[in-house]
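So this one's structure_33.csv, CSV, C-alpha atoms:
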```
chain,number,residue,atom,x,y,z
Z,1408,MET,CA,143.7,4.1,-6.4
Z,1409,SER,CA,143.9,0.3,-5.8
Z,1410,ILE,CA,140.1,0.2,-5.4
Z,1411,LYS,CA,139.7,2.0,-8.8
Z,1412,LYS,CA,142.2,-0.4,-10.4
Z,1413,ASP,CA,140.0,-3.2,-9.0
Z,1414,VAL,CA,137.0,-1.6,-10.7
Z,1415,GLN,CA,138.8,-1.3,-14.0
Z,1416,ASP,CA,140.0,-4.9,-13.8
Z,1417,GLN,CA,136.6,-6.3,-12.8
Z,1418,PHE,CA,134.5,-4.4,-15.3
Z,1419,GLY,CA,137.1,-4.7,-18.0
Z,1420,LYS,CA,136.9,-8.4,-18.1
Z,1421,ASN,CA,133.1,-8.6,-17.6
Z,1422,ALA,CA,132.0,-5.7,-19.9
Z,1423,GLU,CA,129.8,-7.8,-22.2
Z,1424,SER,CA,128.1,-9.6,-19.4
Z,1425,TYR,CA,126.9,-6.2,-18.1
Z,1426,VAL,CA,125.5,-5.2,-21.4
Z,1427,SER,CA,123.4,-8.4,-21.5
Z,1428,SER,CA,122.5,-8.5,-17.8
Z,1429,LEU,CA,118.7,-8.4,-17.5
Z,1430,ILE,CA,118.7,-6.7,-14.1
Z,1431,HIS,CA,120.7,-3.8,-15.7
Z,1432,LYS,CA,118.9,-3.9,-19.0
Z,1433,LYS,CA,115.2,-4.2,-18.1
Z,1434,GLY,CA,114.7,-3.1,-14.5
Z,1435,LYS,CA,111.6,-1.2,-13.6
Z,1436,ASP,CA,113.8,1.5,-12.1
Z,1437,LEU,CA,115.1,2.4,-15.5
Z,1438,ALA,CA,111.6,3.1,-16.9
Z,1439,LYS,CA,110.9,5.1,-13.7
Z,1440,MET,CA,113.9,7.3,-14.2
Z,1441,ILE,CA,112.6,8.4,-17.6
Z,1442,GLU,CA,109.1,8.9,-16.2
Z,1443,ILE,CA,110.1,11.2,-13.4
Z,1444,ALA,CA,112.7,13.2,-15.4
Z,1445,ASN,CA,111.3,16.6,-16.4
Z,1446,LEU,CA,112.4,16.3,-20.1
Z,1447,GLN,CA,111.8,19.0,-22.7
Z,1448,GLY,CA,114.0,17.6,-25.4
Z,1449,ASN,CA,116.8,20.2,-25.4
Z,1450,GLU,CA,118.7,18.9,-22.3
Z,1451,ARG,CA,122.3,18.1,-22.1
Z,1452,ALA,CA,122.6,14.9,-20.1
Z,1453,VAL,CA,125.5,13.0,-18.6
Z,1454,ASP,CA,125.4,9.4,-17.5
Z,1455,ILE,CA,128.1,8.7,-14.9
Z,1456,ALA,CA,129.6,5.2,-14.6
Z,1457,THR,CA,127.5,4.3,-17.7
Z,1458,GLY,CA,128.5,0.6,-17.5
Z,1459,GLY,CA,126.7,-1.2,-20.3
Z,1460,GLY,CA,125.2,2.0,-21.5
Z,1461,HIS,CA,121.6,1.1,-20.6
Z,1462,THR,CA,120.7,4.5,-19.0
Z,1463,ALA,CA,122.4,6.6,-21.6
Z,1464,ASN,CA,120.6,4.6,-24.3
Z,1465,ALA,CA,117.2,5.0,-22.5
Z,1466,PHE,CA,117.6,8.8,-22.2
Z,1467,ALA,CA,119.1,9.5,-25.7
Z,1468,PRO,CA,115.8,9.6,-27.6
Z,1469,PHE,CA,114.4,12.2,-25.2
Z,1470,VAL,CA,117.3,14.7,-24.9
Z,1471,GLN,CA,119.5,16.8,-27.1
Z,1472,LYS,CA,122.7,15.0,-26.2
Z,1473,VAL,CA,124.1,12.4,-23.7
Z,1474,THR,CA,127.7,12.1,-22.5
Z,1475,ALA,CA,128.4,8.6,-21.3
Z,1476,VAL,CA,131.2,8.5,-18.8
Z,1477,ASP,CA,133.0,5.5,-17.4
Z,1478,LEU,CA,136.2,4.7,-15.6
Z,1479,THR,CA,136.8,1.6,-17.7
Z,1480,SER,CA,137.7,1.8,-21.4
Z,1481,GLU,CA,136.3,-1.7,-22.1
Z,1482,MET,CA,132.9,-0.8,-20.7
Z,1483,LEU,CA,132.8,2.3,-22.9
Z,1484,THR,CA,133.6,0.2,-26.0
Z,1485,ALA,CA,130.8,-2.2,-25.1
Z,1486,ALA,CA,128.4,0.6,-24.3
Z,1487,GLU,CA,129.1,2.4,-27.5
Z,1488,LYS,CA,128.4,-0.8,-29.6
Z,1489,PHE,CA,125.2,-1.4,-27.7
Z,1490,ILE,CA,123.9,2.2,-28.0
Z,1491,LYS,CA,124.8,2.6,-31.7
Z,1492,GLN,CA,123.1,-0.7,-32.4
Z,1493,ASN,CA,119.9,0.9,-31.0
Z,1494,GLY,CA,120.2,3.7,-33.4
Z,1495,ASN,CA,121.1,6.4,-30.9
Z,1496,LEU,CA,123.8,8.7,-32.5
Z,1497,ASN,CA,123.6,11.6,-30.1
Z,1498,VAL,CA,125.8,10.0,-27.4
Z,1499,ASP,CA,129.4,10.8,-26.8
Z,1500,PHE,CA,131.7,8.5,-24.8
Z,1501,LEU,CA,134.3,9.8,-22.3
Z,1502,GLN,CA,136.6,7.9,-20.0
Z,1503,GLY,CA,136.6,9.6,-16.6
Z,1504,ASP,CA,136.5,9.2,-12.8
Z,1505,ALA,CA,133.1,9.8,-11.2
Z,1506,GLU,CA,135.0,11.5,-8.3
Z,1507,ASN,CA,137.0,13.8,-10.5
Z,1508,LEU,CA,134.9,14.4,-13.7
Z,1509,PRO,CA,136.6,15.9,-16.8
Z,1510,LEU,CA,133.6,18.1,-17.4
Z,1511,GLU,CA,132.9,21.8,-17.2
Z,1512,LYS,CA,131.1,23.5,-14.3
Z,1513,GLU,CA,127.4,24.0,-14.8
Z,1514,SER,CA,127.3,22.3,-18.2
Z,1515,PHE,CA,124.5,19.8,-17.9
Z,1516,GLU,CA,120.7,20.0,-17.1
Z,1517,ILE,CA,120.5,16.3,-16.2
Z,1518,VAL,CA,122.9,13.9,-14.4
Z,1519,THR,CA,122.1,10.2,-14.1
Z,1520,CYS,CA,123.9,7.5,-12.3
Z,1521,ARG,CA,122.5,4.0,-12.0
Z,1522,ILE,CA,123.7,0.9,-10.2
Z,1523,ALA,CA,127.2,2.2,-9.8
Z,1524,PRO,CA,128.0,4.4,-6.7
Z,1525,HIS,CA,128.5,1.3,-4.5
Z,1526,HIS,CA,131.8,1.0,-6.3
Z,1527,PHE,CA,133.0,4.6,-5.5
Z,1528,PRO,CA,135.5,4.8,-2.6
Z,1529,HIS,CA,134.8,8.5,-2.0
Z,1530,VAL,CA,131.1,8.9,-2.7
Z,1531,ASP,CA,131.1,12.4,-1.1
Z,1532,LYS,CA,133.4,13.6,-3.9
Z,1533,PHE,CA,131.1,12.1,-6.4
Z,1534,VAL,CA,128.1,14.0,-5.0
Z,1535,SER,CA,130.2,17.2,-5.0
Z,1536,GLU,CA,131.2,16.6,-8.7
Z,1537,VAL,CA,127.5,16.1,-9.7
Z,1538,TYR,CA,126.6,19.3,-8.0
Z,1539,ARG,CA,129.4,21.2,-9.7
Z,1540,ILE,CA,128.5,20.1,-13.3
Z,1541,LEU,CA,124.8,20.7,-13.0
Z,1542,VAL,CA,123.2,24.0,-13.9
Z,1543,PHE,CA,121.1,25.7,-11.2
Z,1544,GLY,CA,117.8,23.8,-11.0
Z,1545,GLY,CA,119.3,20.8,-12.8
Z,1546,GLN,CA,118.2,17.3,-12.0
Z,1547,PHE,CA,120.2,14.5,-10.5
Z,1548,LEU,CA,118.7,11.1,-10.9
Z,1549,LEU,CA,120.5,8.7,-8.5
Z,1550,ASP,CA,119.6,5.0,-8.6
Z,1551,ASP,CA,121.6,2.4,-6.7
Z,1552,ASN,CA,121.4,-0.8,-4.6
Z,1553,VAL,CA,121.1,0.2,-0.9
Z,1554,ALA,CA,121.8,-1.6,2.4
Z,1555,PRO,CA,119.0,-1.9,5.0
Z,1556,GLU,CA,119.0,0.5,8.0
Z,1557,ARG,CA,119.5,-2.3,10.6
Z,1558,LYS,CA,123.2,-2.9,11.3
Z,1559,GLU,CA,123.3,-6.7,11.0
Z,1560,PHE,CA,121.4,-6.6,7.7
Z,1561,ASP,CA,123.7,-3.9,6.4
Z,1562,GLU,CA,126.8,-5.9,7.3
Z,1563,PHE,CA,125.4,-9.1,5.8
Z,1564,TYR,CA,124.6,-7.5,2.4
Z,1565,ASN,CA,127.8,-5.6,2.1
Z,1566,THR,CA,129.8,-8.7,3.1
Z,1567,VAL,CA,128.3,-11.0,0.5
Z,1568,GLU,CA,128.6,-8.3,-2.2
Z,1569,LYS,CA,132.3,-7.8,-1.4
Z,1570,ILE,CA,133.0,-11.5,-1.5
Z,1571,ARG,CA,131.3,-11.7,-4.9
Z,1572,ASP,CA,132.8,-8.6,-6.3
Z,1573,TYR,CA,136.1,-7.3,-5.0
Z,1574,SER,CA,135.4,-3.9,-6.6
Z,1575,HIS,CA,132.4,-3.4,-4.4
Z,1576,PHE,CA,133.1,-0.7,-1.9
Z,1577,ARG,CA,129.8,-0.1,0.0
Z,1578,ALA,CA,126.1,-0.1,-0.6
Z,1579,TRP,CA,124.9,2.9,1.4
Z,1580,LYS,CA,121.7,3.2,3.4
Z,1581,LYS,CA,118.8,5.3,2.2
Z,1582,THR,CA,119.2,7.7,5.1
Z,1583,GLU,CA,122.9,8.1,4.3
Z,1584,TRP,CA,122.1,9.1,0.7
Z,1585,ILE,CA,119.6,11.6,1.8
Z,1586,GLN,CA,122.0,13.1,4.3
Z,1587,MET,CA,124.8,13.3,1.7
Z,1588,LEU,CA,122.7,15.0,-0.9
Z,1589,GLU,CA,121.1,17.5,1.4
Z,1590,GLN,CA,124.4,18.5,2.9
Z,1591,GLU,CA,125.7,19.2,-0.6
Z,1592,GLY,CA,122.8,21.5,-1.3
Z,1593,PHE,CA,120.4,19.3,-3.2
Z,1594,VAL,CA,116.6,19.3,-2.6
Z,1595,ILE,CA,115.2,15.8,-2.9
Z,1596,GLU,CA,111.9,15.9,-4.7
Z,1597,GLU,CA,111.0,12.3,-5.2
Z,1598,THR,CA,112.0,9.0,-3.7
Z,1599,TYR,CA,111.2,5.4,-4.9
Z,1600,ARG,CA,112.1,2.0,-3.5
Z,1601,PHE,CA,112.5,-1.1,-5.7
Z,1602,GLU,CA,112.7,-4.7,-4.6
Z,1603,LYS,CA,115.2,-6.7,-6.6
Z,1604,THR,CA,115.4,-10.4,-7.0
Z,1605,PHE,CA,118.8,-11.8,-7.6
Z,1606,MET,CA,119.1,-15.3,-9.1
Z,1607,PHE,CA,122.0,-16.7,-7.3
Z,1608,GLN,CA,123.7,-18.5,-10.2
Z,1609,GLU,CA,123.4,-15.6,-12.6
Z,1610,TRP,CA,124.5,-13.2,-9.9
Z,1611,CYS,CA,127.7,-15.2,-9.4
Z,1612,ASP,CA,128.3,-16.0,-13.1
Z,1613,ARG,CA,128.2,-12.3,-14.1
Z,1614,MET,CA,131.4,-12.0,-12.1
Z,1615,ARG,CA,132.8,-15.3,-13.5
Z,1616,LEU,CA,133.3,-16.6,-9.9
Z,1617,GLN,CA,135.4,-19.7,-9.2
Z,1618,GLU,CA,133.4,-22.6,-7.8
Z,1619,SER,CA,135.1,-22.2,-4.4
Z,1620,VAL,CA,133.8,-18.6,-4.1
Z,1621,LYS,CA,130.3,-19.7,-5.1
Z,1622,ALA,CA,130.5,-22.4,-2.5
Z,1623,GLU,CA,131.6,-19.8,0.1
Z,1624,LEU,CA,128.7,-17.5,-0.7
Z,1625,ASN,CA,126.2,-20.4,-0.7
Z,1626,GLU,CA,127.4,-21.5,2.7
Z,1627,ILE,CA,127.2,-18.0,4.2
Z,1628,MET,CA,123.6,-17.5,2.9
Z,1629,ALA,CA,122.4,-21.0,3.8
Z,1630,LYS,CA,123.8,-20.8,7.3
Z,1631,ALA,CA,122.6,-17.2,7.9
Z,1632,ALA,CA,120.5,-16.5,11.0
Z,1633,ASP,CA,116.7,-16.7,10.5
Z,1634,PRO,CA,116.1,-13.0,10.6
Z,1635,ILE,CA,118.6,-12.5,7.8
Z,1636,LYS,CA,117.1,-15.2,5.7
Z,1637,LYS,CA,113.7,-13.7,6.2
Z,1638,LYS,CA,114.9,-10.1,5.5
Z,1639,PHE,CA,116.5,-11.1,2.2
Z,1640,SER,CA,114.0,-13.8,1.3
Z,1641,ILE,CA,116.8,-16.3,0.8
Z,1642,GLN,CA,115.4,-19.3,-1.1
Z,1643,ILE,CA,117.2,-22.6,-0.6
Z,1644,GLU,CA,116.6,-26.0,-2.3
Z,1645,ASN,CA,118.5,-29.1,-1.2
Z,1646,GLY,CA,121.2,-26.9,0.4
Z,1647,ASP,CA,121.7,-24.7,-2.7
Z,1648,VAL,CA,120.7,-21.0,-2.7
Z,1649,LYS,CA,118.4,-20.3,-5.6
Z,1650,SER,CA,117.7,-16.6,-5.1
Z,1651,PHE,CA,117.5,-13.7,-2.6
Z,1652,LYS,CA,116.1,-10.2,-2.6
Z,1653,GLY,CA,117.7,-6.8,-2.1
Z,1654,GLU,CA,116.5,-3.3,-2.7
Z,1655,ALA,CA,117.4,-0.2,-4.6
Z,1656,VAL,CA,116.5,3.4,-4.2
Z,1657,LEU,CA,115.8,6.0,-6.9
Z,1658,LEU,CA,116.2,9.6,-5.8
Z,1659,LYS,CA,115.3,12.7,-7.9
Z,1660,ALA,CA,117.4,15.6,-6.5
Z,1661,ILE,CA,117.4,19.2,-7.7
Z,1662,LYS,CA,120.4,21.5,-7.5
Z,1663,SER,CA,119.4,24.5,-5.4
```
Let me see the file written as structure tokens.
Amino acid sequence: MSIKKDVQDQFGKNAESYVSSLIHKKGKDLAKMIEIANLQGNERAVDIATGGGHTANAFAPFVQKVTAVDLTSEMLTAAEKFIKQNGNLNVDFLQGDAENLPLEKESFEIVTCRIAPHHFPHVDKFVSEVYRILVFGGQFLLDDNVAPERKEFDEFYNTVEKIRDYSHFRAWKKTEWIQMLEQEGFVIEETYRFEKTFMFQEWCDRMRLQESVKAELNEIMAKAADPIKKKFSIQIENGDVKSFKGEAVLLKAIKS
């Protein structure tokens, strides 16, 4: 429960910055989600951990109805304002826990979740909940930052993310996601990898970090071993980290 309280605290005070975040607002992964979804126009969709509402907003014109769910009330308020400003009126907003969804069994044709599961402390429960609320043959579009398969890279990425954002739990490996989904009963139909460039200053400012924390992160990255610097394309100028690269995976899974 303390982890979920951290999520509410962190996102509650930074809600508007997530609505305006370009990496959330305009990522190529969001367009790809729409492209690969088999949409007929009559689907009931739910966007879990909707955050700033970008995914719910993107899907709204193409489906009958979207239910946007988030743990944090301030995020839902910000998302509702953003979505309604875009003219999408077929979106409902519901406060709820991704690991214990207040939704009926087999009540949605599409479930989306984008750039959020790394905050979930019991991701297996989340996967089970998605399976429960989907109809047979329903689509689960999962999109999240992932850790590399190599242990030292995995540990580095999750360490810096946790320092930056205390509500970060774990970015999972691609292989871990595939295993969790298939064990639950999903069939993975499509997989896509996206490279993401993080501008260091914006990445820190979105969390309103104190200068001491920024300095700590800068030092960790600047003094990282060469293989880590190469893997994450850490760019440094005059001792200051300017940017680095991570990756995300988009999976289309079908309830079978």
**OP:** Show which residues sit within 8 Å of Ile1595 (chain Z), as a ChimeraX atom specification. Count all atoms listed in the file, and ignore same-chain residues fewer than 2 positions away.
**Re:** /Z:1585,1588-1589,1593,1597-1598,1658-1661
Subject >> Contacts of Ala1438 (chain Z) within 10 Å, all atoms listed in the file, excl. fewer than 5 positions in-chain, as a ChimeraX atom specification >> reply: /Z:1433,1443,1462,1465-1466
**OP:** Compare Z:Gly1494, Z:Pro1528, Z:Gly1544, Z:Gly1503 by their minimum atom-to-atom distance to Lys1662 (chain Z), counting all atoms listed in the file, and give me the closest one.
**Re:** Z:Gly1544
Original post:
Could you name the residues that touch region 1467-1482 of chain Z at 7 Å or less, counting only C-alpha atoms, but leaving out those on the same chain fewer than 5 positions away, as a PyMOL selection string?
Top reply: chain Z and resi 1415+1418-1419+1422+1446+1448-1459+1495+1497-1504
**OP:** Please measure the separation of CA of Leu1549 (chain Z) and CA of Leu1437 (chain Z), giving the value in Å to one decimal.
**Re:** 10.9 Å
Original post:
Hey, what's within 7 Å of region 1612-1626 of chain Z if we count all atoms listed in the file and toss same-chain stuff fewer than 2 positions away? As a PyMOL selection string, please?
Top reply: chain Z and resi 1421+1424+1567+1572+1608-1610+1628-1630+1647-1648
Subject >> Pairwise distance for CA of Pro1555 (chain Z) and CA of Cys1520 (chain Z), rounded to one decimal in Å >> reply: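 Rounded to one decimal, the two atoms are 20.3 Å apart.
CA of Ile1627 (chain Z) to CA of Gly1653 (chain Z) spans 16.0 Å [interatomic distance, one decimal].
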Subject >> Given all atoms listed in the file as the counted atoms, nearest of Z:Lys1491, Z:Lys1569, Z:Lys1558, Z:Arg1577 to His1525 (chain Z) >> reply: Z:Arg1577
Subject >> Counting only C-alpha atoms, the option among Z:Asp1550, Z:Glu1591, Z:Glu1506, Z:Glu1487 closest to Asp1436 (chain Z) >> reply: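 Residue with the minimum atom-to-atom distance to Asp1436 (chain Z): Z:Asp1550.
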**OP:** Using all atoms listed in the file, determine which residues lie at most 12 Å from Gln1642 (chain Z), disregarding the query and same-chain residues fewer than 2 positions distant; provide the list as an NGL selection string.
**Re:** :Z and (1604-1607 or 1625 or 1628-1631 or 1633 or 1635-1640 or 1644-1652)
Complete region 1620-1653 of chain Z at the level of N, CA and C atoms, written as an mmCIF file, in the frame of the given file.
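Writing done, so here's rebuild33.cif:
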```cif
data_model
loop_
_atom_site.group_PDB
_atom_site.id
_atom_site.type_symbol
_atom_site.label_atom_id
_atom_site.label_comp_id
_atom_site.auth_asym_id
_atom_site.auth_seq_id
_atom_site.Cartn_x
_atom_site.Cartn_y
_atom_site.Cartn_z
ATOM 1 N N VAL Z 1620 134.444 -19.851 -4.596
ATOM 2 C CA VAL Z 1620 133.800 -18.600 -4.100
ATOM 3 C C VAL Z 1620 132.300 -18.765 -4.097
ATOM 4 N N LYS Z 1621 131.751 -19.398 -5.129
ATOM 5 C CA LYS Z 1621 130.300 -19.700 -5.100
ATOM 6 C C LYS Z 1621 129.925 -20.510 -3.917
ATOM 7 N N ALA Z 1622 130.744 -21.501 -3.623
ATOM 8 C CA ALA Z 1622 130.500 -22.400 -2.500
ATOM 9 C C ALA Z 1622 130.513 -21.585 -1.171
ATOM 10 N N GLU Z 1623 131.461 -20.666 -1.069
ATOM 11 C CA GLU Z 1623 131.600 -19.800 0.100
ATOM 12 C C GLU Z 1623 130.328 -18.971 0.310
ATOM 13 N N LEU Z 1624 129.889 -18.342 -0.765
ATOM 14 C CA LEU Z 1624 128.700 -17.500 -0.700
ATOM 15 C C LEU Z 1624 127.459 -18.324 -0.387
ATOM 16 N N ASN Z 1625 127.366 -19.503 -0.992
ATOM 17 C CA ASN Z 1625 126.200 -20.400 -0.700
ATOM 18 C C ASN Z 1625 126.172 -20.769 0.746
ATOM 19 N N GLU Z 1626 127.331 -21.072 1.315
ATOM 20 C CA GLU Z 1626 127.400 -21.500 2.700
ATOM 21 C C GLU Z 1626 126.992 -20.321 3.644
ATOM 22 N N ILE Z 1627 127.488 -19.121 3.348
ATOM 23 C CA ILE Z 1627 127.200 -18.000 4.200
ATOM 24 C C ILE Z 1627 125.655 -17.710 4.186
ATOM 25 N N MET Z 1628 125.040 -17.783 3.003
ATOM 26 C CA MET Z 1628 123.600 -17.500 2.900
ATOM 27 C C MET Z 1628 122.792 -18.653 3.523
ATOM 28 N N ALA Z 1629 123.202 -19.892 3.260
ATOM 29 C CA ALA Z 1629 122.400 -21.000 3.800
ATOM 30 C C ALA Z 1629 122.488 -21.147 5.280
ATOM 31 N N LYS Z 1630 123.586 -20.694 5.880
ATOM 32 C CA LYS Z 1630 123.800 -20.800 7.300
ATOM 33 C C LYS Z 1630 123.447 -19.458 8.041
ATOM 34 N N ALA Z 1631 122.934 -18.500 7.319
ATOM 35 C CA ALA Z 1631 122.600 -17.200 7.900
ATOM 36 C C ALA Z 1631 121.516 -17.367 8.977
ATOM 37 N N ALA Z 1632 121.508 -16.449 9.917
ATOM 38 C CA ALA Z 1632 120.500 -16.500 11.000
ATOM 39 C C ALA Z 1632 119.097 -16.271 10.335
ATOM 40 N N ASP Z 1633 118.098 -16.790 11.002
ATOM 41 C CA ASP Z 1633 116.700 -16.700 10.500
ATOM 42 C C ASP Z 1633 116.259 -15.321 10.137
ATOM 43 N N PRO Z 1634 116.545 -14.328 11.001
ATOM 44 C CA PRO Z 1634 116.100 -13.000 10.600
ATOM 45 C C PRO Z 1634 116.723 -12.467 9.330
ATOM 46 N N ILE Z 1635 117.960 -12.866 9.066
ATOM 47 C CA ILE Z 1635 118.600 -12.500 7.800
ATOM 48 C C ILE Z 1635 117.981 -13.192 6.632
ATOM 49 N N LYS Z 1636 117.739 -14.492 6.794
ATOM 50 C CA LYS Z 1636 117.100 -15.200 5.700
ATOM 51 C C LYS Z 1636 115.712 -14.641 5.389
ATOM 52 N N LYS Z 1637 114.988 -14.240 6.427
ATOM 53 C CA LYS Z 1637 113.700 -13.700 6.200
ATOM 54 C C LYS Z 1637 113.778 -12.285 5.549
ATOM 55 N N LYS Z 1638 114.705 -11.447 6.032
ATOM 56 C CA LYS Z 1638 114.900 -10.100 5.500
ATOM 57 C C LYS Z 1638 115.192 -10.138 3.999
ATOM 58 N N PHE Z 1639 116.083 -11.035 3.611
ATOM 59 C CA PHE Z 1639 116.500 -11.100 2.200
ATOM 60 C C PHE Z 1639 115.829 -12.156 1.396
ATOM 61 N N SER Z 1640 114.803 -12.754 1.971
ATOM 62 C CA SER Z 1640 114.000 -13.800 1.300
ATOM 63 C C SER Z 1640 114.902 -14.805 0.583
ATOM 64 N N ILE Z 1641 115.866 -15.322 1.329
ATOM 65 C CA ILE Z 1641 116.800 -16.300 0.800
ATOM 66 C C ILE Z 1641 116.095 -17.614 0.526
ATOM 67 N N GLN Z 1642 116.072 -18.044 -0.733
ATOM 68 C CA GLN Z 1642 115.400 -19.300 -1.100
ATOM 69 C C GLN Z 1642 116.429 -20.384 -1.313
ATOM 70 N N ILE Z 1643 116.232 -21.498 -0.603
ATOM 71 C CA ILE Z 1643 117.200 -22.600 -0.600
ATOM 72 C C ILE Z 1643 116.471 -23.900 -0.978
ATOM 73 N N GLU Z 1644 117.103 -24.674 -1.884
ATOM 74 C CA GLU Z 1644 116.600 -26.000 -2.300
ATOM 75 C C GLU Z 1644 117.719 -26.998 -2.163
ATOM 76 N N ASN Z 1645 117.514 -28.004 -1.336
ATOM 77 C CA ASN Z 1645 118.500 -29.100 -1.200
ATOM 78 C C ASN Z 1645 119.895 -28.506 -0.835
ATOM 79 N N GLY Z 1646 119.905 -27.462 -0.001
ATOM 80 C CA GLY Z 1646 121.200 -26.900 0.400
ATOM 81 C C GLY Z 1646 121.755 -25.849 -0.506
ATOM 82 N N ASP Z 1647 121.144 -25.657 -1.670
ATOM 83 C CA ASP Z 1647 121.700 -24.700 -2.700
ATOM 84 C C ASP Z 1647 120.790 -23.433 -2.668
ATOM 85 N N VAL Z 1648 121.447 -22.284 -2.581
ATOM 86 C CA VAL Z 1648 120.700 -21.000 -2.700
ATOM 87 C C VAL Z 1648 120.271 -20.788 -4.093
ATOM 88 N N LYS Z 1649 118.997 -20.529 -4.254
ATOM 89 C CA LYS Z 1649 118.400 -20.300 -5.600
ATOM 90 C C LYS Z 1649 118.277 -18.799 -5.879
ATOM 91 N N SER Z 1650 117.875 -18.036 -4.857
ATOM 92 C CA SER Z 1650 117.700 -16.600 -5.100
ATOM 93 C C SER Z 1650 117.623 -15.883 -3.740
ATOM 94 N N PHE Z 1651 117.742 -14.575 -3.803
ATOM 95 C CA PHE Z 1651 117.500 -13.700 -2.600
ATOM 96 C C PHE Z 1651 117.088 -12.371 -3.104
ATOM 97 N N LYS Z 1652 116.636 -11.548 -2.176
ATOM 98 C CA LYS Z 1652 116.100 -10.200 -2.600
ATOM 99 C C LYS Z 1652 116.923 -9.117 -1.885
ATOM 100 N N GLY Z 1653 117.104 -8.049 -2.642
ATOM 101 C CA GLY Z 1653 117.700 -6.800 -2.100
ATOM 102 C C GLY Z 1653 116.816 -5.661 -2.487
#
```
